[in-house]
Amino acid sequence: MFCINSPLSQLLSSSRNNHSFVRNPLRKVCTVTNQCPPPLACSLGYQSWKNIPNVYGVQHVPCLSGTREKTLAAIGKWADEKDNPRPIFLLLDVAGSGKSTVAKHMANQWTRENRLLARFFFSRDTKTTMSTESFCLTVANAFISHDERLAAPIMTFKKRPDFSLLSFEEVFSGLVINPLERLNQDALLIIDALDECDNEHRGRDELLNVLHGQQPSSPRLRILATGRPEFDI
């Protein structure tokens, strides 16, 4: 296994148990990178799939029993941290290595555990799944589906007369962060395949800037993000 220095944080590295856990001095980001190919069973999510991709990741399948156990355990431990929580767990690896399979697995697991969860699976296969245009609303609506109390502050913000003029960061704060803070709720957000987010209109830059700005807090939004180790991720 090997470590990749990601510009998403100023990172320091240490290695244990065949995984490289990369943490910055502020403990904001935990990164796991893999070099060796995963078991074939855990790569099924990258094979040709009959479903049309959507932002909920219906095109992917979870890991089979007994595969990717160390990676899944590391993510689970991070999600349950109580002391000095790091808001982002960044899983970086090459194409076809099973990152989306891991993301799908955690989405299924956290859904079964009835955690307050939202997810967005990027894909270059469709215009919708490669754009950030619906990102904030998708995340907000997912949170409402888990906790209807979030509907009031989210709907109030959406009714702002200047809603269409707000920046991506302002919309993310208004639809996602502020409602969670208002209700004192912890939540989980899965963002898969950051590298497949289109940047023609700076959507990817805006999303990455929002991720850069996440701070450890309580209540807190914890983000599991995956992607290829590209220069800006």
# chains A, B, ... in the order shown; residues from 1 in each chain; ligands from 1
$ residues_around --residues "Ile223 (chain A)" --least-positions-apart "4" --cutoff "7 Å" --atoms "only C-alpha atoms" --output "list in words"
Pro87, Ile88, Phe89, Leu188, Leu189 and Ile190 of chain A
$ write_last_selection --atoms "C-alpha atoms" --output "tab-separated table (two decimals), in the first residue's frame"
chain	number	residue	atom	x	y	z
A	87	PRO	CA	-15.09	15.66	9.16
A	88	ILE	CA	-13.75	14.00	5.98
A	89	PHE	CA	-12.67	10.45	5.15
A	188	LEU	CA	-23.29	11.40	7.15
A	189	LEU	CA	-22.75	12.35	3.51
A	190	ILE	CA	-21.24	10.02	0.89
$ residues_around --residues "Pro216 (chain A)" --least-positions-apart "2" --cutoff "7 Å" --atoms "only C-alpha atoms" --output "list in words"
Lys28, Pro85, Arg86, Pro87, Gln214 and Arg220 of chain A
$ residues_around --residues "Gly57 (chain A)" --least-positions-apart "6" --cutoff "10 Å" --atoms "only C-alpha atoms" --output "short mmCIF file (atom, residue, chain, number, x, y, z; two decimals) with C-alpha atoms, in the first residue's frame"
data_model
loop_
_atom_site.label_atom_id
_atom_site.label_comp_id
_atom_site.auth_asym_id
_atom_site.auth_seq_id
_atom_site.Cartn_x
_atom_site.Cartn_y
_atom_site.Cartn_z
CA GLY A 45 -19.45 -2.47 -9.08
CA ASN A 51 -29.16 0.02 -14.57
CA SER A 100 -17.64 2.98 -5.56
CA THR A 101 -18.28 -0.55 -4.32
CA ALA A 103 -19.15 3.66 -1.00
CA LYS A 104 -22.23 1.64 -1.95
CA ALA A 107 -24.51 3.56 2.06
CA ARG A 119 -25.36 10.34 -0.88
CA PHE A 120 -24.30 11.56 -4.28
CA PHE A 121 -22.57 9.26 -6.78
CA PHE A 122 -20.92 11.18 -9.60
CA SER A 123 -20.60 9.54 -13.03
CA THR A 129 -24.64 12.55 -12.60
CA ASP A 192 -18.48 9.09 -4.67
#
$ select_by_dssp --residues "region 46-104 of chain A" --states "alpha helix (DSSP H)" --output "VMD selection string"
chain A and resid 69 to 79 99 to 104
$ closest_atom_pairs --of "region 44-101 of chain A" --to "region 135-140 of chain A" --cutoff "12 Å" --atoms "only C-alpha atoms" --output "CSV"
residue,atom,partner,partner_atom,distance
A:Asn54,CA,A:Thr138,CA,11.3
A:Val55,CA,A:Thr138,CA,8.4
A:Tyr56,CA,A:Thr138,CA,9.3
$ write_last_selection --atoms "all heavy atoms" --output "compact mmCIF listing (two decimals), in the first residue's frame"
# COMPACT_ATOMS: atom_id res chain seq x y z
N ASN A 54 -27.59 6.72 -11.59
CA ASN A 54 -28.21 7.88 -10.98
C ASN A 54 -27.39 8.30 -9.77
O ASN A 54 -26.44 7.61 -9.39
CB ASN A 54 -29.69 7.64 -10.63
CG ASN A 54 -29.89 6.72 -9.44
OD1 ASN A 54 -28.98 6.43 -8.67
ND2 ASN A 54 -31.11 6.24 -9.28
N VAL A 55 -27.73 9.43 -9.18
CA VAL A 55 -26.90 9.99 -8.12
C VAL A 55 -26.98 9.21 -6.82
O VAL A 55 -26.20 9.46 -5.90
CB VAL A 55 -27.26 11.47 -7.86
CG1 VAL A 55 -26.98 12.32 -9.11
CG2 VAL A 55 -28.72 11.62 -7.43
N TYR A 56 -27.90 8.24 -6.73
CA TYR A 56 -27.97 7.38 -5.56
C TYR A 56 -27.14 6.11 -5.73
O TYR A 56 -27.10 5.26 -4.85
CB TYR A 56 -29.43 7.02 -5.25
CG TYR A 56 -30.08 7.94 -4.23
CD1 TYR A 56 -29.71 9.27 -4.13
CD2 TYR A 56 -31.07 7.48 -3.38
CE1 TYR A 56 -30.30 10.11 -3.20
CE2 TYR A 56 -31.66 8.31 -2.44
CZ TYR A 56 -31.28 9.62 -2.35
OH TYR A 56 -31.86 10.45 -1.42
$ select_by_dssp --residues "region 54-233 of chain A" --states "strand (DSSP E)" --output "list in words"
Ile88, Phe89, Leu90, Leu91, Leu92, Leu117, Ala118, Arg119, Phe120, Phe121, Ala187, Leu188, Leu189, Ile190, Ile191, Asp192, Leu221, Arg222, Ile223, Leu224, Ala225, Thr226 and Gly227 of chain A
$ atom_distance --atom1 "CA of Gln59 (chain A)" --atom2 "CA of Trp110 (chain A)"
18.3 Å
$ residues_around --residues "region 148-150 of chain A" --least-positions-apart "2" --cutoff "12 Å" --atoms "only C-alpha atoms" --output "list in words"
Leu116, Val139, Ala140, Asn141, Ala142, Phe143, Ile144, Ser145, His146, Ala152, Pro153, Ile154, Met155, Thr156, Phe157, Gly174, Leu175, Val176, Ile177, Asn178, Pro179, Leu180, Glu181, Arg182, Leu183, Asn184, Gln185 and Ala187 of chain A
$ residues_around --residues "Glu196 (chain A)" --least-positions-apart "6" --cutoff "12 Å" --atoms "only C-alpha atoms" --output "CSV table (one decimal) with N, CA and C atoms, in the first residue's frame"
chain,number,residue,atom,x,y,z
A,55,VAL,N,-27.7,9.4,-9.2
A,55,VAL,CA,-26.9,10.0,-8.1
A,55,VAL,C,-27.0,9.2,-6.8
A,95,ALA,N,-8.6,4.0,-11.1
A,95,ALA,CA,-9.8,3.5,-11.7
A,95,ALA,C,-10.0,2.0,-11.6
A,100,SER,N,-16.2,2.8,-5.5
A,100,SER,CA,-17.6,3.0,-5.6
A,100,SER,C,-18.3,1.8,-4.9
A,120,PHE,N,-24.3,11.1,-2.9
A,120,PHE,CA,-24.3,11.6,-4.3
A,120,PHE,C,-23.2,10.9,-5.0
A,121,PHE,N,-23.5,10.0,-6.0
A,121,PHE,CA,-22.6,9.3,-6.8
A,121,PHE,C,-22.4,9.9,-8.1
A,122,PHE,N,-21.2,10.6,-8.3
A,122,PHE,CA,-20.9,11.2,-9.6
A,122,PHE,C,-20.6,10.1,-10.7
A,123,SER,N,-20.9,10.4,-11.9
A,123,SER,CA,-20.6,9.5,-13.0
A,123,SER,C,-20.6,10.4,-14.3
A,124,ARG,N,-19.6,10.1,-15.2
A,124,ARG,CA,-19.6,10.8,-16.5
A,124,ARG,C,-20.6,10.2,-17.5
A,125,ASP,N,-21.3,9.2,-17.1
A,125,ASP,CA,-22.2,8.6,-18.0
A,125,ASP,C,-23.4,9.4,-18.4
A,126,THR,N,-23.9,10.3,-17.5
A,126,THR,CA,-25.0,11.2,-17.8
A,126,THR,C,-24.7,12.6,-17.4
A,127,LYS,N,-25.5,13.5,-18.0
A,127,LYS,CA,-25.3,14.9,-17.7
A,127,LYS,C,-25.6,15.2,-16.2
A,128,THR,N,-26.7,14.6,-15.7
A,128,THR,CA,-27.1,14.8,-14.3
A,128,THR,C,-26.1,14.3,-13.3
A,129,THR,N,-25.5,13.1,-13.6
A,129,THR,CA,-24.6,12.5,-12.6
A,129,THR,C,-23.2,13.1,-12.6
A,130,MET,N,-22.9,13.9,-13.6
A,130,MET,CA,-21.6,14.5,-13.7
A,130,MET,C,-21.6,16.0,-13.3
A,131,SER,N,-22.8,16.5,-12.9
A,131,SER,CA,-23.0,17.9,-12.6
A,131,SER,C,-23.3,18.1,-11.1
A,132,THR,N,-22.9,19.3,-10.6
A,132,THR,CA,-23.2,19.7,-9.2
A,132,THR,C,-24.5,20.4,-9.1
A,203,GLY,N,-17.9,23.7,-11.4
A,203,GLY,CA,-18.7,23.0,-10.4
A,203,GLY,C,-17.8,22.2,-9.4
A,204,ARG,N,-16.9,21.5,-10.0
A,204,ARG,CA,-16.0,20.7,-9.2
A,204,ARG,C,-15.1,21.5,-8.3
A,226,THR,N,-14.8,9.7,-2.2
A,226,THR,CA,-13.9,8.8,-2.9
A,226,THR,C,-13.5,9.5,-4.3
A,227,GLY,N,-12.4,9.0,-4.8
A,227,GLY,CA,-12.0,9.6,-6.1
A,227,GLY,C,-10.7,9.1,-6.5
A,228,ARG,N,-10.3,9.3,-7.8
A,228,ARG,CA,-9.0,9.0,-8.3
A,228,ARG,C,-8.0,10.1,-7.7
A,229,PRO,N,-6.8,9.8,-7.5
A,229,PRO,CA,-5.8,10.8,-7.0
A,229,PRO,C,-5.4,11.8,-8.0
A,230,GLU,N,-6.3,12.7,-8.4
A,230,GLU,CA,-5.9,13.7,-9.4
A,230,GLU,C,-5.4,14.9,-8.7
A,233,ILE,N,-7.6,16.8,-6.1
A,233,ILE,CA,-8.3,16.1,-5.1
A,233,ILE,C,-7.4,15.6,-4.0
$ closest_residue --among "A:Ser97, A:Ser164, A:Gln109, A:Ser173" --to "Ala73 (chain A)" --atoms "only C-alpha atoms"
A:Gln109
$ residues_around --residues "Val210 (chain A)" --least-positions-apart "2" --cutoff "10 Å" --atoms "only C-alpha atoms" --output "ChimeraX atom specification"
/A:168-170,172-173,204-208,212-214
$ closest_residue --among "A:Phe231, A:Ile75, A:Ser167, A:Gln215" --to "Leu194 (chain A)" --atoms "only C-alpha atoms"
A:Phe231
$ atom_distance --atom1 "CA of Glu200 (chain A)" --atom2 "CA of Leu166 (chain A)"
19.0 Å
$ closest_residue --among "A:Arg68, A:Lys77, A:His201, A:Arg160" --to "Val102 (chain A)" --atoms "only C-alpha atoms"
A:Arg68
$ atom_distance --atom1 "CA of Leu117 (chain A)" --atom2 "CA of Asp147 (chain A)"
9.9 Å
$ closest_residue --among "A:Ala79, A:Ala151, A:Ile52, A:Ile191" --to "Lys99 (chain A)" --atoms "only C-alpha atoms"
A:Ile191
